[in-house]
Amino acid sequence: MPTSKKTVSSPEEFDADAFTQAAVALHVSSTGEYAGLSPHAHRKGQLILSLRGAVSCEVQDALLLVPPGHAVWVPGEIPHSCRVTQNADTCFLFIEPSAAAMPVKCCTLAITPLVRELVLFLAEQDPAYSPDSKTARLAAVLLEHIPDAPVEALHLPVSGHPKIRQMADALFKNPDDRRTLKQWALRLAISERSLARLVKNATGMSFGRWRQQLHLMIALNHLAEGKSVQSVAGTLGYDSVSAFITMFRKALGKSPTHYFSSLN
């Protein structure tokens, strides 16, 4: 018989697939940065909801990151690995296949206050609830509303191609690296035209747009940890804070300060 244990220090201690209920949830608070297991998969689909801090999830060919009030959706049987920032507050919602009309691909979702509260409520309940219980009825309401959550463009295509992976790894390590496409081509021993074509075919973006999206992902992660706009702009190598704010506003429609205040 599966355990109904809900007080855990990491999601891996909780086996959601041991339960046949349509949806079960887990609430995890962390005082330090948390990195999950190497790529793994569940039978159930997994919604990773950020209440405080940022959540990033890596799947094949993409990195998804969400700030508070958003969630990463990973359909069942898709290998993934997750990381949360320091002092994060996170909910994991596990959904049985076909229990809700969820997206068939990994994506990021904006979560409404109603869905957030229903997930929090479910996380407080015994996951082995009976099908005719109040918990089951509320879970049904939750599964009816989740598919309406709008998809957000908070992801970075990261191809498995070794040259693009090498660029991505280097830029994540040193995000202030301002090498041009031509300079990257020289480093990677490929022509500039071929590298431009490779990036476009693999990610659907130009090199400049792809690097800007990478900067946006890093910025969201640092800002969610509580770092200042000035500090983040410097980390990304912007010549001025205003230039960073302009990039952020063009990408998400608001300045960093207004964007995060709107999530509260």
# chains A, B, ... in the order shown; residues from 1 in each chain; ligands from 1
>>> residues_around(residues="segment 164-166 of chain A", least_positions_apart="6", cutoff="9 Å", atoms="only C-alpha atoms", output="PyMOL selection string")
chain A and resi 158+188+195+198-199+202
>>> residues_around(residues="Leu181 of chain A", least_positions_apart="4", cutoff="8 Å", atoms="only C-alpha atoms", output="PDB file with N, CA, C and O atoms, in the first residue's frame")
ATOM      1  N   ALA A 185      31.934  31.661 -34.031  1.00  0.00           N
ATOM      2  CA  ALA A 185      32.230  30.759 -35.144  1.00  0.00           C
ATOM      3  C   ALA A 185      33.715  30.399 -35.176  1.00  0.00           C
ATOM      4  O   ALA A 185      34.084  29.238 -35.401  1.00  0.00           O
ATOM      5  N   GLU A 192      30.814  31.462 -40.045  1.00  0.00           N
ATOM      6  CA  GLU A 192      29.771  32.290 -39.438  1.00  0.00           C
ATOM      7  C   GLU A 192      28.410  31.973 -40.035  1.00  0.00           C
ATOM      8  O   GLU A 192      27.404  31.885 -39.324  1.00  0.00           O
ATOM      9  N   LEU A 195      27.151  28.626 -38.704  1.00  0.00           N
ATOM     10  CA  LEU A 195      26.716  28.704 -37.312  1.00  0.00           C
ATOM     11  C   LEU A 195      25.378  29.418 -37.204  1.00  0.00           C
ATOM     12  O   LEU A 195      24.504  29.000 -36.442  1.00  0.00           O
ATOM     13  N   ALA A 196      25.199  30.483 -37.972  1.00  0.00           N
ATOM     14  CA  ALA A 196      23.919  31.202 -37.964  1.00  0.00           C
ATOM     15  C   ALA A 196      22.788  30.271 -38.394  1.00  0.00           C
ATOM     16  O   ALA A 196      21.695  30.271 -37.806  1.00  0.00           O
ATOM     17  N   PHE A 207      20.804  34.142 -33.633  1.00  0.00           N
ATOM     18  CA  PHE A 207      21.746  34.093 -32.523  1.00  0.00           C
ATOM     19  C   PHE A 207      21.484  35.210 -31.523  1.00  0.00           C
ATOM     20  O   PHE A 207      21.465  34.989 -30.309  1.00  0.00           O
TER      21      PHE A 207
END
>>> closest_residue(among="A:Asp177, A:Asp132, A:Asp148, A:Asp17", to="Glu96 of chain A", atoms="only C-alpha atoms")
A:Asp17
>>> atom_distance(atom1="atom CA of Ile48 of chain A", atom2="atom CA of Phe92 of chain A")
4.8 Å
>>> select_by_dssp(residues="segment 14-187 of chain A", states="helix (DSSP H, G or I)", output="MDAnalysis selection string")
chainID A and resid 16:18 113:123 134:148 162:173 181:187
>>> write_last_selection(atoms="C-alpha atoms", output="compact mmCIF listing (two decimals), in the first residue's frame")
# COMPACT_ATOMS: atom_id res chain seq x y z
CA ALA A 16 3.21 10.16 -6.80
CA ASP A 17 2.94 7.27 -9.26
CA ALA A 18 2.06 4.96 -6.36
CA PRO A 113 -5.08 32.64 -7.77
CA LEU A 114 -7.92 30.06 -7.82
CA VAL A 115 -5.71 27.32 -9.23
CA ARG A 116 -2.93 28.21 -6.79
CA GLU A 117 -5.25 27.93 -3.79
CA LEU A 118 -6.72 24.64 -5.02
CA VAL A 119 -3.23 23.18 -5.46
CA LEU A 120 -2.26 24.34 -1.97
CA PHE A 121 -5.44 22.79 -0.54
CA LEU A 122 -4.79 19.48 -2.31
CA ALA A 123 -1.21 19.45 -1.00
CA LYS A 134 -14.74 16.29 -0.76
CA THR A 135 -11.07 16.22 -1.77
CA ALA A 136 -11.92 14.29 -4.94
CA ARG A 137 -14.59 16.84 -5.87
CA LEU A 138 -12.21 19.76 -5.34
CA ALA A 139 -9.52 17.95 -7.33
CA ALA A 140 -12.04 17.65 -10.17
CA VAL A 141 -12.61 21.42 -10.06
CA LEU A 142 -8.85 21.98 -10.12
CA LEU A 143 -8.42 19.70 -13.15
CA GLU A 144 -11.21 21.54 -14.93
CA HIS A 145 -9.54 24.93 -14.48
CA ILE A 146 -5.85 24.13 -15.04
CA PRO A 147 -6.13 23.62 -18.83
CA ASP A 148 -7.32 27.24 -19.13
CA PRO A 162 27.38 19.88 -29.31
CA LYS A 163 28.30 23.31 -30.71
CA ILE A 164 25.09 24.96 -29.48
CA ARG A 165 25.35 23.14 -26.15
CA GLN A 166 28.93 24.40 -25.82
CA MET A 167 27.76 27.98 -26.42
CA ALA A 168 24.87 27.63 -23.98
CA ASP A 169 27.05 26.16 -21.22
CA ALA A 170 29.66 28.90 -21.68
CA LEU A 171 27.07 31.70 -21.66
CA PHE A 172 25.32 30.36 -18.58
CA LYS A 173 28.68 30.28 -16.81
CA LEU A 181 28.48 35.37 -33.84
CA LYS A 182 31.67 35.69 -35.92
CA GLN A 183 33.83 35.31 -32.82
CA TRP A 184 31.84 32.27 -31.69
CA ALA A 185 32.23 30.76 -35.14
CA LEU A 186 35.99 31.11 -34.89
CA ARG A 187 36.01 29.49 -31.45
>>> select_by_dssp(residues="segment 92-151 of chain A", states="strand (DSSP E)", output="PyMOL selection string")
chain A and resi 92-95+107-110+151
>>> write_last_selection(atoms="all heavy atoms", output="PDB file, in the first residue's frame")
ATOM      1  N   PHE A  92       4.207  20.834  -6.130  1.00  0.00           N
ATOM      2  CA  PHE A  92       4.271  19.861  -7.212  1.00  0.00           C
ATOM      3  C   PHE A  92       2.894  19.217  -7.329  1.00  0.00           C
ATOM      4  O   PHE A  92       2.404  18.608  -6.365  1.00  0.00           O
ATOM      5  CB  PHE A  92       5.321  18.802  -6.923  1.00  0.00           C
ATOM      6  CG  PHE A  92       6.730  19.334  -6.892  1.00  0.00           C
ATOM      7  CD1 PHE A  92       7.202  19.999  -5.756  1.00  0.00           C
ATOM      8  CD2 PHE A  92       7.575  19.190  -7.971  1.00  0.00           C
ATOM      9  CE1 PHE A  92       8.498  20.496  -5.714  1.00  0.00           C
ATOM     10  CE2 PHE A  92       8.870  19.692  -7.942  1.00  0.00           C
ATOM     11  CZ  PHE A  92       9.336  20.352  -6.823  1.00  0.00           C
ATOM     12  N   LEU A  93       2.273  19.336  -8.483  1.00  0.00           N
ATOM     13  CA  LEU A  93       0.976  18.721  -8.731  1.00  0.00           C
ATOM     14  C   LEU A  93       1.168  17.616  -9.759  1.00  0.00           C
ATOM     15  O   LEU A  93       1.672  17.860 -10.860  1.00  0.00           O
ATOM     16  CB  LEU A  93      -0.020  19.756  -9.256  1.00  0.00           C
ATOM     17  CG  LEU A  93      -1.399  19.215  -9.654  1.00  0.00           C
ATOM     18  CD1 LEU A  93      -2.157  18.732  -8.411  1.00  0.00           C
ATOM     19  CD2 LEU A  93      -2.202  20.274 -10.390  1.00  0.00           C
ATOM     20  N   PHE A  94       0.771  16.397  -9.406  1.00  0.00           N
ATOM     21  CA  PHE A  94       0.915  15.248 -10.287  1.00  0.00           C
ATOM     22  C   PHE A  94      -0.462  14.854 -10.811  1.00  0.00           C
ATOM     23  O   PHE A  94      -1.395  14.656 -10.023  1.00  0.00           O
ATOM     24  CB  PHE A  94       1.556  14.081  -9.537  1.00  0.00           C
ATOM     25  CG  PHE A  94       2.918  14.405  -8.984  1.00  0.00           C
ATOM     26  CD1 PHE A  94       3.062  14.904  -7.690  1.00  0.00           C
ATOM     27  CD2 PHE A  94       4.063  14.209  -9.748  1.00  0.00           C
ATOM     28  CE1 PHE A  94       4.319  15.194  -7.163  1.00  0.00           C
ATOM     29  CE2 PHE A  94       5.323  14.508  -9.233  1.00  0.00           C
ATOM     30  CZ  PHE A  94       5.447  14.999  -7.945  1.00  0.00           C
ATOM     31  N   ILE A  95      -0.580  14.744 -12.130  1.00  0.00           N
ATOM     32  CA  ILE A  95      -1.873  14.516 -12.777  1.00  0.00           C
ATOM     33  C   ILE A  95      -1.835  13.224 -13.583  1.00  0.00           C
ATOM     34  O   ILE A  95      -0.926  13.013 -14.400  1.00  0.00           O
ATOM     35  CB  ILE A  95      -2.244  15.693 -13.699  1.00  0.00           C
ATOM     36  CG1 ILE A  95      -2.286  16.998 -12.900  1.00  0.00           C
ATOM     37  CG2 ILE A  95      -3.577  15.444 -14.384  1.00  0.00           C
ATOM     38  CD1 ILE A  95      -2.540  18.231 -13.754  1.00  0.00           C
ATOM     39  N   CYS A 107       5.818  23.089 -21.286  1.00  0.00           N
ATOM     40  CA  CYS A 107       5.596  24.519 -21.470  1.00  0.00           C
ATOM     41  C   CYS A 107       5.554  25.207 -20.117  1.00  0.00           C
ATOM     42  O   CYS A 107       5.595  24.558 -19.070  1.00  0.00           O
ATOM     43  CB  CYS A 107       4.293  24.776 -22.236  1.00  0.00           C
ATOM     44  SG  CYS A 107       2.814  24.127 -21.413  1.00  0.00           S
ATOM     45  N   THR A 108       5.480  26.532 -20.138  1.00  0.00           N
ATOM     46  CA  THR A 108       5.323  27.309 -18.916  1.00  0.00           C
ATOM     47  C   THR A 108       3.938  27.935 -18.914  1.00  0.00           C
ATOM     48  O   THR A 108       3.442  28.371 -19.951  1.00  0.00           O
ATOM     49  CB  THR A 108       6.399  28.403 -18.814  1.00  0.00           C
ATOM     50  OG1 THR A 108       6.345  29.242 -19.972  1.00  0.00           O
ATOM     51  CG2 THR A 108       7.781  27.782 -18.728  1.00  0.00           C
ATOM     52  N   LEU A 109       3.310  27.977 -17.749  1.00  0.00           N
ATOM     53  CA  LEU A 109       1.935  28.447 -17.621  1.00  0.00           C
ATOM     54  C   LEU A 109       1.830  29.544 -16.576  1.00  0.00           C
ATOM     55  O   LEU A 109       2.524  29.516 -15.557  1.00  0.00           O
ATOM     56  CB  LEU A 109       1.016  27.287 -17.214  1.00  0.00           C
ATOM     57  CG  LEU A 109       1.012  26.047 -18.102  1.00  0.00           C
ATOM     58  CD1 LEU A 109       0.179  24.943 -17.452  1.00  0.00           C
ATOM     59  CD2 LEU A 109       0.457  26.377 -19.490  1.00  0.00           C
ATOM     60  N   ALA A 110       0.953  30.506 -16.815  1.00  0.00           N
ATOM     61  CA  ALA A 110       0.608  31.517 -15.812  1.00  0.00           C
ATOM     62  C   ALA A 110      -0.544  30.956 -14.974  1.00  0.00           C
ATOM     63  O   ALA A 110      -1.553  30.508 -15.522  1.00  0.00           O
ATOM     64  CB  ALA A 110       0.202  32.819 -16.491  1.00  0.00           C
ATOM     65  N   VAL A 151      -0.376  29.873 -21.779  1.00  0.00           N
ATOM     66  CA  VAL A 151       1.023  29.479 -21.960  1.00  0.00           C
ATOM     67  C   VAL A 151       1.892  30.724 -22.069  1.00  0.00           C
ATOM     68  O   VAL A 151       1.538  31.682 -22.764  1.00  0.00           O
ATOM     69  CB  VAL A 151       1.180  28.611 -23.224  1.00  0.00           C
ATOM     70  CG1 VAL A 151       2.655  28.278 -23.477  1.00  0.00           C
ATOM     71  CG2 VAL A 151       0.367  27.322 -23.082  1.00  0.00           C
TER      72      VAL A 151
END
>>> closest_residue(among="A:Val84, A:Leu63, A:Ala128, A:Val241", to="Leu214 of chain A", atoms="only C-alpha atoms")
A:Leu63
>>> closest_atom_pairs(of="segment 117-199 of chain A", to="segment 251-262 of chain A", cutoff="10 Å", atoms="only C-alpha atoms", output="tab-separated table")
residue	atom	partner	partner_atom	distance
A:Glu152	CA	A:Leu252	CA	9.8
A:Ala153	CA	A:Leu252	CA	9.0
A:Leu154	CA	A:Leu252	CA	9.4
>>> closest_residue(among="A:Ser242, A:Ser228, A:Ser191, A:Ser159", to="Thr203 of chain A", atoms="only C-alpha atoms")
A:Ser159
>>> atom_distance(atom1="atom CA of Gly204 of chain A", atom2="atom CA of Gln60 of chain A")
15.2 Å
>>> closest_residue(among="A:Pro150, A:Pro157, A:Gly234, A:Pro75", to="Asn201 of chain A", atoms="only C-alpha atoms")
A:Pro157
>>> residues_around(residues="Lys200 of chain A", least_positions_apart="6", cutoff="10 Å", atoms="only C-alpha atoms", output="PDB file with N, CA and C atoms, in the first residue's frame")
ATOM      1  N   SER A 194      27.418  29.173 -41.442  1.00  0.00           N
ATOM      2  CA  SER A 194      26.964  27.847 -41.010  1.00  0.00           C
ATOM      3  C   SER A 194      26.467  27.864 -39.576  1.00  0.00           C
ATOM      4  N   SER A 206      17.246  33.643 -34.205  1.00  0.00           N
ATOM      5  CA  SER A 206      18.559  34.132 -34.607  1.00  0.00           C
ATOM      6  C   SER A 206      19.489  34.047 -33.398  1.00  0.00           C
ATOM      7  N   PHE A 207      20.804  34.142 -33.633  1.00  0.00           N
ATOM      8  CA  PHE A 207      21.746  34.093 -32.523  1.00  0.00           C
ATOM      9  C   PHE A 207      21.484  35.210 -31.523  1.00  0.00           C
ATOM     10  N   ARG A 209      18.687  36.893 -30.923  1.00  0.00           N
ATOM     11  CA  ARG A 209      17.426  36.678 -30.199  1.00  0.00           C
ATOM     12  C   ARG A 209      17.586  35.548 -29.183  1.00  0.00           C
ATOM     13  N   TRP A 210      18.325  34.513 -29.558  1.00  0.00           N
ATOM     14  CA  TRP A 210      18.531  33.380 -28.659  1.00  0.00           C
ATOM     15  C   TRP A 210      19.337  33.802 -27.438  1.00  0.00           C
TER      16      TRP A 210
END
>>> closest_residue(among="A:Leu223, A:Ile190, A:Leu216, A:Ala88", to="Thr246 of chain A", atoms="only C-alpha atoms")
A:Leu216
>>> residues_around(residues="Ser231 of chain A", least_positions_apart="4", cutoff="12 Å", atoms="only C-alpha atoms", output="PDB file with N, CA, C and O atoms, in the first residue's frame")
ATOM      1  N   ALA A 219      18.150  36.465 -15.897  1.00  0.00           N
ATOM      2  CA  ALA A 219      17.654  37.625 -15.158  1.00  0.00           C
ATOM      3  C   ALA A 219      16.481  37.251 -14.266  1.00  0.00           C
ATOM      4  O   ALA A 219      16.430  37.641 -13.089  1.00  0.00           O
ATOM      5  N   HIS A 222      17.762  35.336 -11.190  1.00  0.00           N
ATOM      6  CA  HIS A 222      18.434  36.177 -10.194  1.00  0.00           C
ATOM      7  C   HIS A 222      17.470  37.143  -9.508  1.00  0.00           C
ATOM      8  O   HIS A 222      17.561  37.365  -8.288  1.00  0.00           O
ATOM      9  N   LEU A 223      16.571  37.737 -10.270  1.00  0.00           N
ATOM     10  CA  LEU A 223      15.611  38.681  -9.689  1.00  0.00           C
ATOM     11  C   LEU A 223      14.671  37.971  -8.716  1.00  0.00           C
ATOM     12  O   LEU A 223      14.304  38.532  -7.677  1.00  0.00           O
ATOM     13  N   GLU A 225      15.454  35.566  -6.873  1.00  0.00           N
ATOM     14  CA  GLU A 225      16.226  35.322  -5.649  1.00  0.00           C
ATOM     15  C   GLU A 225      16.351  36.573  -4.794  1.00  0.00           C
ATOM     16  O   GLU A 225      16.859  36.518  -3.684  1.00  0.00           O
ATOM     17  N   GLY A 226      15.900  37.715  -5.342  1.00  0.00           N
ATOM     18  CA  GLY A 226      15.972  38.957  -4.580  1.00  0.00           C
ATOM     19  C   GLY A 226      17.140  39.846  -4.923  1.00  0.00           C
ATOM     20  O   GLY A 226      17.367  40.867  -4.254  1.00  0.00           O
ATOM     21  N   LYS A 227      17.903  39.508  -5.968  1.00  0.00           N
ATOM     22  CA  LYS A 227      19.015  40.354  -6.367  1.00  0.00           C
ATOM     23  C   LYS A 227      18.503  41.628  -7.011  1.00  0.00           C
ATOM     24  O   LYS A 227      17.433  41.649  -7.616  1.00  0.00           O
ATOM     25  N   THR A 235      25.715  41.570 -13.994  1.00  0.00           N
ATOM     26  CA  THR A 235      26.020  40.154 -14.229  1.00  0.00           C
ATOM     27  C   THR A 235      25.893  39.794 -15.703  1.00  0.00           C
ATOM     28  O   THR A 235      26.674  39.001 -16.237  1.00  0.00           O
ATOM     29  N   LEU A 236      24.916  40.405 -16.370  1.00  0.00           N
ATOM     30  CA  LEU A 236      24.674  40.104 -17.779  1.00  0.00           C
ATOM     31  C   LEU A 236      25.534  40.930 -18.722  1.00  0.00           C
ATOM     32  O   LEU A 236      25.445  40.773 -19.941  1.00  0.00           O
ATOM     33  N   GLY A 237      26.332  41.838 -18.167  1.00  0.00           N
ATOM     34  CA  GLY A 237      27.255  42.603 -18.992  1.00  0.00           C
ATOM     35  C   GLY A 237      26.656  43.783 -19.725  1.00  0.00           C
ATOM     36  O   GLY A 237      27.221  44.256 -20.725  1.00  0.00           O
ATOM     37  N   TYR A 238      25.513  44.291 -19.236  1.00  0.00           N
ATOM     38  CA  TYR A 238      24.909  45.463 -19.880  1.00  0.00           C
ATOM     39  C   TYR A 238      25.698  46.715 -19.524  1.00  0.00           C
ATOM     40  O   TYR A 238      26.178  46.862 -18.395  1.00  0.00           O
ATOM     41  N   SER A 240      24.558  49.638 -19.185  1.00  0.00           N
ATOM     42  CA  SER A 240      23.795  50.484 -18.263  1.00  0.00           C
ATOM     43  C   SER A 240      22.570  49.737 -17.774  1.00  0.00           C
ATOM     44  O   SER A 240      22.095  48.789 -18.424  1.00  0.00           O
ATOM     45  N   VAL A 241      22.057  50.159 -16.630  1.00  0.00           N
ATOM     46  CA  VAL A 241      20.838  49.562 -16.091  1.00  0.00           C
ATOM     47  C   VAL A 241      19.665  49.822 -17.025  1.00  0.00           C
ATOM     48  O   VAL A 241      18.805  48.962 -17.235  1.00  0.00           O
ATOM     49  N   PHE A 244      19.420  47.308 -19.807  1.00  0.00           N
ATOM     50  CA  PHE A 244      18.866  46.037 -19.345  1.00  0.00           C
ATOM     51  C   PHE A 244      17.352  46.138 -19.166  1.00  0.00           C
ATOM     52  O   PHE A 244      16.608  45.250 -19.579  1.00  0.00           O
TER      53      PHE A 244
END
>>> decode(residues="segment 109-188 of chain A", atoms="C-alpha atoms", output="PDB file, in the first residue's frame")
ATOM      1  CA  LEU A 109       1.935  28.447 -17.621  1.00  0.00           C
ATOM      2  CA  ALA A 110       0.608  31.517 -15.812  1.00  0.00           C
ATOM      3  CA  ILE A 111      -1.359  30.323 -12.778  1.00  0.00           C
ATOM      4  CA  THR A 112      -4.511  32.030 -11.503  1.00  0.00           C
ATOM      5  CA  PRO A 113      -5.084  32.638  -7.766  1.00  0.00           C
ATOM      6  CA  LEU A 114      -7.919  30.061  -7.824  1.00  0.00           C
ATOM      7  CA  VAL A 115      -5.711  27.321  -9.231  1.00  0.00           C
ATOM      8  CA  ARG A 116      -2.930  28.212  -6.793  1.00  0.00           C
ATOM      9  CA  GLU A 117      -5.246  27.928  -3.794  1.00  0.00           C
ATOM     10  CA  LEU A 118      -6.721  24.639  -5.020  1.00  0.00           C
ATOM     11  CA  VAL A 119      -3.234  23.176  -5.463  1.00  0.00           C
ATOM     12  CA  LEU A 120      -2.264  24.336  -1.966  1.00  0.00           C
ATOM     13  CA  PHE A 121      -5.437  22.789  -0.543  1.00  0.00           C
ATOM     14  CA  LEU A 122      -4.789  19.478  -2.306  1.00  0.00           C
ATOM     15  CA  ALA A 123      -1.206  19.455  -1.000  1.00  0.00           C
ATOM     16  CA  GLU A 124      -2.586  19.468   2.566  1.00  0.00           C
ATOM     17  CA  GLN A 125      -4.800  16.426   1.984  1.00  0.00           C
ATOM     18  CA  ASP A 126      -4.091  12.716   2.243  1.00  0.00           C
ATOM     19  CA  PRO A 127      -3.143  11.697  -1.324  1.00  0.00           C
ATOM     20  CA  ALA A 128      -5.006   8.413  -0.847  1.00  0.00           C
ATOM     21  CA  TYR A 129      -8.380  10.212  -0.786  1.00  0.00           C
ATOM     22  CA  SER A 130     -11.479   8.256  -1.772  1.00  0.00           C
ATOM     23  CA  PRO A 131     -13.224   8.953  -5.111  1.00  0.00           C
ATOM     24  CA  ASP A 132     -16.425  10.117  -3.410  1.00  0.00           C
ATOM     25  CA  SER A 133     -14.736  12.504  -0.964  1.00  0.00           C
ATOM     26  CA  LYS A 134     -14.742  16.291  -0.762  1.00  0.00           C
ATOM     27  CA  THR A 135     -11.075  16.221  -1.765  1.00  0.00           C
ATOM     28  CA  ALA A 136     -11.915  14.291  -4.945  1.00  0.00           C
ATOM     29  CA  ARG A 137     -14.592  16.840  -5.865  1.00  0.00           C
ATOM     30  CA  LEU A 138     -12.209  19.757  -5.340  1.00  0.00           C
ATOM     31  CA  ALA A 139      -9.521  17.946  -7.326  1.00  0.00           C
ATOM     32  CA  ALA A 140     -12.040  17.651 -10.169  1.00  0.00           C
ATOM     33  CA  VAL A 141     -12.614  21.419 -10.060  1.00  0.00           C
ATOM     34  CA  LEU A 142      -8.854  21.978 -10.124  1.00  0.00           C
ATOM     35  CA  LEU A 143      -8.421  19.703 -13.151  1.00  0.00           C
ATOM     36  CA  GLU A 144     -11.212  21.545 -14.934  1.00  0.00           C
ATOM     37  CA  HIS A 145      -9.537  24.932 -14.480  1.00  0.00           C
ATOM     38  CA  ILE A 146      -5.847  24.127 -15.041  1.00  0.00           C
ATOM     39  CA  PRO A 147      -6.131  23.618 -18.832  1.00  0.00           C
ATOM     40  CA  ASP A 148      -7.317  27.240 -19.132  1.00  0.00           C
ATOM     41  CA  ALA A 149      -3.974  28.575 -17.855  1.00  0.00           C
ATOM     42  CA  PRO A 150      -2.301  30.679 -20.580  1.00  0.00           C
ATOM     43  CA  VAL A 151       1.023  29.479 -21.960  1.00  0.00           C
ATOM     44  CA  GLU A 152       3.950  31.861 -21.386  1.00  0.00           C
ATOM     45  CA  ALA A 153       7.085  32.186 -23.556  1.00  0.00           C
ATOM     46  CA  LEU A 154       9.481  31.585 -20.673  1.00  0.00           C
ATOM     47  CA  HIS A 155      11.650  28.930 -22.251  1.00  0.00           C
ATOM     48  CA  LEU A 156      15.005  28.696 -23.963  1.00  0.00           C
ATOM     49  CA  PRO A 157      15.511  26.250 -26.828  1.00  0.00           C
ATOM     50  CA  VAL A 158      18.751  24.393 -26.133  1.00  0.00           C
ATOM     51  CA  SER A 159      19.624  21.977 -28.898  1.00  0.00           C
ATOM     52  CA  GLY A 160      21.500  18.785 -28.216  1.00  0.00           C
ATOM     53  CA  HIS A 161      23.935  19.749 -30.962  1.00  0.00           C
ATOM     54  CA  PRO A 162      27.384  19.878 -29.315  1.00  0.00           C
ATOM     55  CA  LYS A 163      28.297  23.314 -30.715  1.00  0.00           C
ATOM     56  CA  ILE A 164      25.090  24.956 -29.479  1.00  0.00           C
ATOM     57  CA  ARG A 165      25.346  23.145 -26.154  1.00  0.00           C
ATOM     58  CA  GLN A 166      28.931  24.403 -25.816  1.00  0.00           C
ATOM     59  CA  MET A 167      27.760  27.982 -26.419  1.00  0.00           C
ATOM     60  CA  ALA A 168      24.873  27.633 -23.983  1.00  0.00           C
ATOM     61  CA  ASP A 169      27.050  26.160 -21.225  1.00  0.00           C
ATOM     62  CA  ALA A 170      29.660  28.903 -21.684  1.00  0.00           C
ATOM     63  CA  LEU A 171      27.072  31.695 -21.660  1.00  0.00           C
ATOM     64  CA  PHE A 172      25.318  30.357 -18.576  1.00  0.00           C
ATOM     65  CA  LYS A 173      28.677  30.276 -16.807  1.00  0.00           C
ATOM     66  CA  ASN A 174      29.709  33.739 -18.072  1.00  0.00           C
ATOM     67  CA  PRO A 175      26.527  35.585 -19.132  1.00  0.00           C
ATOM     68  CA  ASP A 176      28.464  38.828 -19.631  1.00  0.00           C
ATOM     69  CA  ASP A 177      30.350  37.218 -22.539  1.00  0.00           C
ATOM     70  CA  ARG A 178      29.653  39.561 -25.471  1.00  0.00           C
ATOM     71  CA  ARG A 179      31.375  37.646 -28.236  1.00  0.00           C
ATOM     72  CA  THR A 180      29.776  38.176 -31.646  1.00  0.00           C
ATOM     73  CA  LEU A 181      28.482  35.371 -33.839  1.00  0.00           C
ATOM     74  CA  LYS A 182      31.667  35.693 -35.916  1.00  0.00           C
ATOM     75  CA  GLN A 183      33.834  35.313 -32.818  1.00  0.00           C
ATOM     76  CA  TRP A 184      31.840  32.273 -31.686  1.00  0.00           C
ATOM     77  CA  ALA A 185      32.230  30.759 -35.144  1.00  0.00           C
ATOM     78  CA  LEU A 186      35.992  31.111 -34.885  1.00  0.00           C
ATOM     79  CA  ARG A 187      36.009  29.492 -31.449  1.00  0.00           C
ATOM     80  CA  LEU A 188      33.821  26.611 -32.621  1.00  0.00           C
TER      81      LEU A 188
END
